[in-house]
Amino acid sequence: MPSETRAPWILKLLAMGGLLFLHLPILLIFLYAFTTEDRSYQFPPPGLTVKWFAVAWNRPDIWPPLWLSLKVAFLATALAVVLGTLAAAAMARARFFGRDAISLLVVLPIALPGIITGMSLRSAFAIMDVPFSTWTIVLGHATFCIVIVYNNAVARLRRLSGPLLEASADLGANGLQTFRHVILPNLGSALLAGGMLAFALSFDEVIVTTFTAGQQATLPIWMLEELVRPRQRPVTNVVAMVVFGATFLPILAAYYLTRGGEETAGGGK
């Protein structure tokens with residue numbers, strides 16, 4: 001067995017520098033959620049306190065955007081799971097003319113800049129005379145959430161053994177029974193991971209929400225407005241910690257659910 005090759009120290013140093021560049025701003029946000037100064041960002045902070053957590057809890061203007069963000073994220077995720085799974089089922093096994101082009105159109109919203117998606121949706125809503133509401137935000141978020149679920153589901157479906165489905169049919173199972181007892185158990189972790197990722201992306205989405213929310217404000221929009229016209233900056237950092245947790249934990253769970261995804265679905269999972 002060949003011996004492991006150690007990475008050169010310069011590569012380790014560059015990797016450490018890259019990680020610090022990515023994560024140091026997040027650590028600074030956490031640090032200034034505990035500062036005693038509410039107006040400026042002195043470094044190091046003049047003192048540390050936890051009072052801003054109580055202040056944030058008692059701020060009545062935070063709760064409506066939080067509930068709206070949670071509501072939109074849950075609805076967008078539910079819509080994405082249904083539509084993304086149906087699209088994946090159609091694309092994974094079927095062969096037809098234009099299949100690759102349709103597959104590209106399905107995944108295109110996640111590749112397009114958010115401002116393009118937001119402007120397109122706003123124009124479409126204006127042409128159709130659709131008033132801005134929670135559902136316009138949900139539809140905007142669903143455009144990219146569907147892609148997340150679709151990618152997870154189609155990858156798992158393509159690894160699903162064809163003879164497994166044939167054996168189910170040979171044993172007398174109809175389509176619904178095959179889906180319930182064969183496909184869904186193999187697809188479950190992929191759908192759960194895709195749903196968690198979709199929820200995380202929807203919860204902290206800003207750009208598309210700006211174009212589809214009208215006068216409503218989700219929690220990220222509230223944070224953006226607080227940064228422009230700050231009243232109590234540490235409170236904004238406290239809310240940022242909440243948003244970080246609400247997005248990081250589903251992403252971490254999705255990683256653990258799919259890290260064994262290289263194994264063939266149906267192989268004992």
# chains A, B, ... in the order shown; residues from 1 in each chain; ligands from 1
>>> residues_around(residues="stretch 223-237 of chain A", least_positions_apart="4", cutoff="12 Å", atoms="only C-alpha atoms", output="PDB file with C-alpha atoms, in the first residue's frame")
ATOM      1  CA  PRO A  25     -16.293  37.979   8.455  1.00  0.00           C
ATOM      2  CA  ILE A  26     -18.826  35.538   9.924  1.00  0.00           C
ATOM      3  CA  LEU A  27     -16.828  35.309  13.137  1.00  0.00           C
ATOM      4  CA  LEU A  28     -16.724  39.109  13.317  1.00  0.00           C
ATOM      5  CA  ILE A  29     -20.520  39.225  13.031  1.00  0.00           C
ATOM      6  CA  PHE A  30     -20.759  36.830  15.956  1.00  0.00           C
ATOM      7  CA  LEU A  31     -18.258  38.876  17.962  1.00  0.00           C
ATOM      8  CA  TYR A  32     -20.104  42.167  17.454  1.00  0.00           C
ATOM      9  CA  ALA A  33     -23.384  40.597  18.530  1.00  0.00           C
ATOM     10  CA  PHE A  34     -21.890  40.737  22.054  1.00  0.00           C
ATOM     11  CA  THR A  35     -20.333  44.228  21.978  1.00  0.00           C
ATOM     12  CA  THR A  36     -21.405  46.849  24.494  1.00  0.00           C
ATOM     13  CA  GLU A  37     -21.183  49.613  21.858  1.00  0.00           C
ATOM     14  CA  ASP A  38     -24.343  49.996  19.771  1.00  0.00           C
ATOM     15  CA  ARG A  39     -23.174  52.508  17.149  1.00  0.00           C
ATOM     16  CA  SER A  40     -19.596  51.884  16.057  1.00  0.00           C
ATOM     17  CA  TYR A  41     -17.432  48.869  15.276  1.00  0.00           C
ATOM     18  CA  PRO A  45     -14.852  45.703  21.207  1.00  0.00           C
ATOM     19  CA  LEU A  48     -18.882  42.169  25.888  1.00  0.00           C
ATOM     20  CA  THR A  49     -22.511  41.680  26.888  1.00  0.00           C
ATOM     21  CA  VAL A  50     -25.454  39.438  26.095  1.00  0.00           C
ATOM     22  CA  LYS A  51     -28.081  42.150  26.519  1.00  0.00           C
ATOM     23  CA  TRP A  52     -28.643  42.469  22.773  1.00  0.00           C
ATOM     24  CA  PHE A  53     -30.228  39.030  22.649  1.00  0.00           C
ATOM     25  CA  ALA A  54     -32.931  40.224  25.057  1.00  0.00           C
ATOM     26  CA  VAL A  55     -33.280  43.464  23.088  1.00  0.00           C
ATOM     27  CA  ALA A  56     -33.723  41.516  19.847  1.00  0.00           C
ATOM     28  CA  TRP A  57     -36.275  39.218  21.491  1.00  0.00           C
ATOM     29  CA  ASN A  58     -38.336  42.223  22.587  1.00  0.00           C
ATOM     30  CA  ARG A  59     -38.144  44.127  19.293  1.00  0.00           C
ATOM     31  CA  ASP A  61     -40.460  44.746  14.300  1.00  0.00           C
ATOM     32  CA  ILE A  62     -38.387  41.538  14.031  1.00  0.00           C
ATOM     33  CA  PRO A  65     -40.394  39.353   9.006  1.00  0.00           C
ATOM     34  CA  LEU A  66     -39.232  36.186  10.790  1.00  0.00           C
ATOM     35  CA  ASP A 204     -31.889  33.780   3.445  1.00  0.00           C
ATOM     36  CA  GLU A 205     -32.782  34.858  -0.106  1.00  0.00           C
ATOM     37  CA  VAL A 206     -32.570  38.632  -0.666  1.00  0.00           C
ATOM     38  CA  ILE A 207     -32.319  39.547  -4.362  1.00  0.00           C
ATOM     39  CA  THR A 209     -37.341  38.649  -2.704  1.00  0.00           C
ATOM     40  CA  THR A 210     -36.628  42.329  -3.312  1.00  0.00           C
ATOM     41  CA  ALA A 217     -40.294  42.396   4.345  1.00  0.00           C
ATOM     42  CA  THR A 218     -38.738  39.026   5.028  1.00  0.00           C
ATOM     43  CA  LEU A 219     -36.038  38.726   7.667  1.00  0.00           C
ATOM     44  CA  MET A 241     -26.644  34.682  13.899  1.00  0.00           C
ATOM     45  CA  VAL A 242     -30.207  33.334  13.807  1.00  0.00           C
ATOM     46  CA  VAL A 243     -30.224  33.379   9.994  1.00  0.00           C
ATOM     47  CA  PHE A 244     -26.821  31.678   9.954  1.00  0.00           C
TER      48      PHE A 244
END
>>> closest_atom_pairs(of="stretch 127-241 of chain A", to="stretch 96-107 of chain A", cutoff="10 Å", atoms="only C-alpha atoms", output="JSON lines")
{"residue": "A:Thr143", "atom": "CA", "partner": "A:Val106", "partner_atom": "CA", "distance": 9.0}
{"residue": "A:Phe144", "atom": "CA", "partner": "A:Val107", "partner_atom": "CA", "distance": 8.0}
{"residue": "A:Ile146", "atom": "CA", "partner": "A:Val106", "partner_atom": "CA", "distance": 8.2}
{"residue": "A:Val147", "atom": "CA", "partner": "A:Val107", "partner_atom": "CA", "distance": 5.3}
{"residue": "A:Ile148", "atom": "CA", "partner": "A:Val107", "partner_atom": "CA", "distance": 8.4}
{"residue": "A:Tyr150", "atom": "CA", "partner": "A:Val107", "partner_atom": "CA", "distance": 8.2}
{"residue": "A:Asn151", "atom": "CA", "partner": "A:Val107", "partner_atom": "CA", "distance": 8.0}
>>> write_last_selection(atoms="C-alpha atoms", output="PDB file, in the first residue's frame")
ATOM      1  CA  THR A 143     -37.847  28.789  -9.191  1.00  0.00           C
ATOM      2  CA  PHE A 144     -34.462  27.933  -7.697  1.00  0.00           C
ATOM      3  CA  ILE A 146     -37.079  23.224  -7.527  1.00  0.00           C
ATOM      4  CA  VAL A 147     -33.615  22.927  -9.066  1.00  0.00           C
ATOM      5  CA  ILE A 148     -32.081  21.867  -5.746  1.00  0.00           C
ATOM      6  CA  TYR A 150     -34.503  18.100  -8.871  1.00  0.00           C
ATOM      7  CA  ASN A 151     -30.725  17.662  -8.845  1.00  0.00           C
TER       8      ASN A 151
END
>>> select_by_dssp(residues="stretch 56-245 of chain A", states="alpha helix (DSSP H)", output="PyMOL selection string")
chain A and resi 56-57+63-93+99-111+114-127+134-159+162-170+175-178+184-203+207-212+219-228+233-245
>>> closest_atom_pairs(of="stretch 118-226 of chain A", to="stretch 69-90 of chain A", cutoff="10 Å", atoms="only C-alpha atoms", output="JSON lines")
{"residue": "A:Thr134", "atom": "CA", "partner": "A:Val72", "partner_atom": "CA", "distance": 6.9}
{"residue": "A:Trp135", "atom": "CA", "partner": "A:Val72", "partner_atom": "CA", "distance": 7.9}
{"residue": "A:Thr136", "atom": "CA", "partner": "A:Val72", "partner_atom": "CA", "distance": 9.6}
{"residue": "A:Ile137", "atom": "CA", "partner": "A:Val72", "partner_atom": "CA", "distance": 6.9}
{"residue": "A:Val138", "atom": "CA", "partner": "A:Ala76", "partner_atom": "CA", "distance": 5.1}
{"residue": "A:Leu139", "atom": "CA", "partner": "A:Ala76", "partner_atom": "CA", "distance": 7.0}
{"residue": "A:Gly140", "atom": "CA", "partner": "A:Ala76", "partner_atom": "CA", "distance": 8.5}
{"residue": "A:His141", "atom": "CA", "partner": "A:Ala76", "partner_atom": "CA", "distance": 6.0}
{"residue": "A:Ala142", "atom": "CA", "partner": "A:Ala76", "partner_atom": "CA", "distance": 5.0}
{"residue": "A:Thr143", "atom": "CA", "partner": "A:Ala80", "partner_atom": "CA", "distance": 8.1}
{"residue": "A:Phe144", "atom": "CA", "partner": "A:Ala80", "partner_atom": "CA", "distance": 8.5}
{"residue": "A:Cys145", "atom": "CA", "partner": "A:Ala80", "partner_atom": "CA", "distance": 5.6}
{"residue": "A:Ile146", "atom": "CA", "partner": "A:Ala80", "partner_atom": "CA", "distance": 4.2}
{"residue": "A:Val147", "atom": "CA", "partner": "A:Gly84", "partner_atom": "CA", "distance": 6.7}
{"residue": "A:Ile148", "atom": "CA", "partner": "A:Gly84", "partner_atom": "CA", "distance": 7.9}
{"residue": "A:Val149", "atom": "CA", "partner": "A:Gly84", "partner_atom": "CA", "distance": 5.3}
{"residue": "A:Tyr150", "atom": "CA", "partner": "A:Gly84", "partner_atom": "CA", "distance": 4.4}
{"residue": "A:Asn151", "atom": "CA", "partner": "A:Ala88", "partner_atom": "CA", "distance": 7.6}
{"residue": "A:Asn152", "atom": "CA", "partner": "A:Ala88", "partner_atom": "CA", "distance": 8.7}
{"residue": "A:Ala153", "atom": "CA", "partner": "A:Ala88", "partner_atom": "CA", "distance": 5.9}
{"residue": "A:Val154", "atom": "CA", "partner": "A:Ala88", "partner_atom": "CA", "distance": 4.7}
{"residue": "A:Ala155", "atom": "CA", "partner": "A:Ala88", "partner_atom": "CA", "distance": 8.5}
{"residue": "A:Arg156", "atom": "CA", "partner": "A:Ala88", "partner_atom": "CA", "distance": 9.3}
{"residue": "A:Leu157", "atom": "CA", "partner": "A:Ala89", "partner_atom": "CA", "distance": 7.2}
{"residue": "A:Arg158", "atom": "CA", "partner": "A:Ala88", "partner_atom": "CA", "distance": 9.3}
{"residue": "A:Leu187", "atom": "CA", "partner": "A:Thr85", "partner_atom": "CA", "distance": 9.3}
{"residue": "A:Leu191", "atom": "CA", "partner": "A:Val81", "partner_atom": "CA", "distance": 6.9}
{"residue": "A:Leu192", "atom": "CA", "partner": "A:Val81", "partner_atom": "CA", "distance": 8.7}
{"residue": "A:Gly194", "atom": "CA", "partner": "A:Val81", "partner_atom": "CA", "distance": 7.7}
{"residue": "A:Gly195", "atom": "CA", "partner": "A:Thr77", "partner_atom": "CA", "distance": 5.8}
{"residue": "A:Met196", "atom": "CA", "partner": "A:Thr77", "partner_atom": "CA", "distance": 8.0}
{"residue": "A:Leu197", "atom": "CA", "partner": "A:Thr77", "partner_atom": "CA", "distance": 8.9}
{"residue": "A:Ala198", "atom": "CA", "partner": "A:Thr77", "partner_atom": "CA", "distance": 5.7}
{"residue": "A:Phe199", "atom": "CA", "partner": "A:Ala73", "partner_atom": "CA", "distance": 5.2}
{"residue": "A:Ala200", "atom": "CA", "partner": "A:Ala73", "partner_atom": "CA", "distance": 7.7}
{"residue": "A:Leu201", "atom": "CA", "partner": "A:Ala73", "partner_atom": "CA", "distance": 8.2}
{"residue": "A:Ser202", "atom": "CA", "partner": "A:Ala73", "partner_atom": "CA", "distance": 5.1}
{"residue": "A:Phe203", "atom": "CA", "partner": "A:Ala73", "partner_atom": "CA", "distance": 5.3}
{"residue": "A:Asp204", "atom": "CA", "partner": "A:Ser69", "partner_atom": "CA", "distance": 8.1}
{"residue": "A:Glu205", "atom": "CA", "partner": "A:Ser69", "partner_atom": "CA", "distance": 9.2}
{"residue": "A:Ala217", "atom": "CA", "partner": "A:Ser69", "partner_atom": "CA", "distance": 8.5}
{"residue": "A:Thr218", "atom": "CA", "partner": "A:Ser69", "partner_atom": "CA", "distance": 5.1}
{"residue": "A:Leu219", "atom": "CA", "partner": "A:Ser69", "partner_atom": "CA", "distance": 6.0}
{"residue": "A:Pro220", "atom": "CA", "partner": "A:Ser69", "partner_atom": "CA", "distance": 8.2}
{"residue": "A:Ile221", "atom": "CA", "partner": "A:Ser69", "partner_atom": "CA", "distance": 9.7}
>>> write_last_selection(atoms="N, CA and C atoms", output="CSV table (one decimal), in the first residue's frame")
chain,number,residue,atom,x,y,z
A,134,THR,N,-47.6,37.1,-0.4
A,134,THR,CA,-46.7,36.0,0.1
A,134,THR,C,-46.5,35.0,-1.0
A,135,TRP,N,-47.5,34.8,-1.9
A,135,TRP,CA,-47.4,33.8,-2.9
A,135,TRP,C,-46.5,34.2,-4.0
A,136,THR,N,-46.4,35.5,-4.3
A,136,THR,CA,-45.4,35.9,-5.3
A,136,THR,C,-44.0,35.7,-4.8
A,137,ILE,N,-43.8,35.8,-3.5
A,137,ILE,CA,-42.4,35.5,-3.0
A,137,ILE,C,-42.2,34.0,-3.1
A,138,VAL,N,-43.2,33.2,-2.7
A,138,VAL,CA,-43.1,31.8,-2.8
A,138,VAL,C,-42.7,31.3,-4.2
A,139,LEU,N,-43.4,31.8,-5.2
A,139,LEU,CA,-43.2,31.5,-6.6
A,139,LEU,C,-41.8,31.9,-7.0
A,140,GLY,N,-41.3,33.0,-6.5
A,140,GLY,CA,-40.0,33.4,-6.9
A,140,GLY,C,-38.9,32.5,-6.3
A,141,HIS,N,-39.1,32.1,-5.0
A,141,HIS,CA,-38.2,31.2,-4.4
A,141,HIS,C,-38.2,29.8,-4.9
A,142,ALA,N,-39.4,29.4,-5.3
A,142,ALA,CA,-39.6,28.1,-5.9
A,142,ALA,C,-38.8,27.9,-7.2
A,143,THR,N,-38.6,28.9,-7.9
A,143,THR,CA,-37.8,28.8,-9.2
A,143,THR,C,-36.5,28.2,-9.0
A,144,PHE,N,-35.8,28.5,-7.9
A,144,PHE,CA,-34.5,27.9,-7.7
A,144,PHE,C,-34.5,26.8,-6.7
A,145,CYS,N,-35.5,26.7,-5.8
A,145,CYS,CA,-35.6,25.6,-4.9
A,145,CYS,C,-36.0,24.3,-5.7
A,146,ILE,N,-36.8,24.4,-6.7
A,146,ILE,CA,-37.1,23.2,-7.5
A,146,ILE,C,-35.8,22.6,-8.1
A,147,VAL,N,-34.9,23.4,-8.5
A,147,VAL,CA,-33.6,22.9,-9.1
A,147,VAL,C,-32.8,22.1,-8.0
A,148,ILE,N,-32.8,22.6,-6.8
A,148,ILE,CA,-32.1,21.9,-5.7
A,148,ILE,C,-32.7,20.5,-5.5
A,149,VAL,N,-34.0,20.4,-5.4
A,149,VAL,CA,-34.7,19.1,-5.2
A,149,VAL,C,-34.5,18.2,-6.4
A,150,TYR,N,-34.6,18.8,-7.6
A,150,TYR,CA,-34.5,18.1,-8.9
A,150,TYR,C,-33.1,17.5,-9.0
A,151,ASN,N,-32.1,18.2,-8.7
A,151,ASN,CA,-30.7,17.7,-8.8
A,151,ASN,C,-30.5,16.5,-7.9
A,152,ASN,N,-31.0,16.6,-6.7
A,152,ASN,CA,-30.8,15.5,-5.7
A,152,ASN,C,-31.6,14.3,-6.2
A,153,ALA,N,-32.9,14.5,-6.6
A,153,ALA,CA,-33.8,13.4,-6.9
A,153,ALA,C,-33.3,12.7,-8.2
A,154,VAL,N,-33.0,13.5,-9.2
A,154,VAL,CA,-32.6,12.9,-10.5
A,154,VAL,C,-31.3,12.1,-10.4
A,155,ALA,N,-30.4,12.5,-9.6
A,155,ALA,CA,-29.1,11.8,-9.4
A,155,ALA,C,-29.4,10.4,-8.7
A,156,ARG,N,-30.3,10.4,-7.7
A,156,ARG,CA,-30.6,9.2,-7.0
A,156,ARG,C,-31.4,8.2,-7.9
A,157,LEU,N,-32.4,8.8,-8.7
A,157,LEU,CA,-33.2,8.0,-9.6
A,157,LEU,C,-32.3,7.3,-10.7
A,158,ARG,N,-31.3,8.0,-11.2
A,158,ARG,CA,-30.5,7.4,-12.2
A,158,ARG,C,-29.6,6.3,-11.7
A,187,LEU,N,-35.5,7.0,-2.5
A,187,LEU,CA,-35.4,8.4,-2.8
A,187,LEU,C,-35.6,9.3,-1.6
A,191,LEU,N,-34.6,13.3,-1.2
A,191,LEU,CA,-35.6,14.4,-1.1
A,191,LEU,C,-35.5,15.2,0.2
A,192,LEU,N,-35.2,14.5,1.3
A,192,LEU,CA,-35.0,15.2,2.6
A,192,LEU,C,-33.9,16.2,2.5
A,194,GLY,N,-32.5,17.5,-0.3
A,194,GLY,CA,-32.9,18.5,-1.2
A,194,GLY,C,-33.9,19.5,-0.6
A,195,GLY,N,-34.8,19.0,0.2
A,195,GLY,CA,-35.7,19.9,0.9
A,195,GLY,C,-35.0,20.8,1.9
A,196,MET,N,-34.1,20.3,2.6
A,196,MET,CA,-33.3,21.1,3.6
A,196,MET,C,-32.5,22.1,2.9
A,197,LEU,N,-31.9,21.8,1.8
A,197,LEU,CA,-31.1,22.8,1.1
A,197,LEU,C,-32.0,23.9,0.5
A,198,ALA,N,-33.1,23.5,0.0
A,198,ALA,CA,-34.1,24.4,-0.6
A,198,ALA,C,-34.6,25.4,0.5
A,199,PHE,N,-34.9,24.8,1.7
A,199,PHE,CA,-35.3,25.7,2.8
A,199,PHE,C,-34.3,26.7,3.2
A,200,ALA,N,-33.0,26.2,3.3
A,200,ALA,CA,-31.9,27.1,3.7
A,200,ALA,C,-31.7,28.2,2.6
A,201,LEU,N,-31.8,27.9,1.4
A,201,LEU,CA,-31.7,28.9,0.3
A,201,LEU,C,-32.8,29.9,0.3
A,202,SER,N,-34.0,29.4,0.6
A,202,SER,CA,-35.2,30.3,0.6
A,202,SER,C,-35.2,31.2,1.8
A,203,PHE,N,-34.8,30.7,2.9
A,203,PHE,CA,-34.8,31.5,4.2
A,203,PHE,C,-34.0,32.7,4.1
A,204,ASP,N,-32.8,32.6,3.4
A,204,ASP,CA,-31.9,33.8,3.4
A,204,ASP,C,-31.8,34.5,2.1
A,205,GLU,N,-32.8,34.2,1.2
A,205,GLU,CA,-32.8,34.9,-0.1
A,205,GLU,C,-33.1,36.3,0.0
A,217,ALA,N,-41.7,42.5,4.0
A,217,ALA,CA,-40.3,42.4,4.3
A,217,ALA,C,-40.0,41.1,5.0
A,218,THR,N,-39.2,40.2,4.4
A,218,THR,CA,-38.7,39.0,5.0
A,218,THR,C,-37.6,39.4,6.0
A,219,LEU,N,-37.1,38.4,6.7
A,219,LEU,CA,-36.0,38.7,7.7
A,219,LEU,C,-34.8,39.2,7.0
A,220,PRO,N,-34.3,38.6,5.9
A,220,PRO,CA,-33.1,39.2,5.2
A,220,PRO,C,-33.3,40.6,4.7
A,221,ILE,N,-34.6,40.9,4.2
A,221,ILE,CA,-34.9,42.3,3.8
A,221,ILE,C,-34.8,43.2,5.0
>>> atom_distance(atom1="atom CA of A:Ala193", atom2="atom CA of A:Ile115")
26.3 Å
>>> atom_distance(atom1="atom CA of A:Phe125", atom2="atom CA of A:Gln215")
14.7 Å
>>> atom_distance(atom1="atom CA of A:Gly114", atom2="atom CA of A:Ser189")
28.0 Å
>>> closest_residue(among="A:Arg122, A:Ala253, A:Ile183, A:Thr247", to="A:Ala213", atoms="only C-alpha atoms")
A:Arg122
>>> closest_residue(among="A:Leu13, A:Ala167, A:Thr212, A:Trp63", to="A:Phe132", atoms="only C-alpha atoms")
A:Thr212
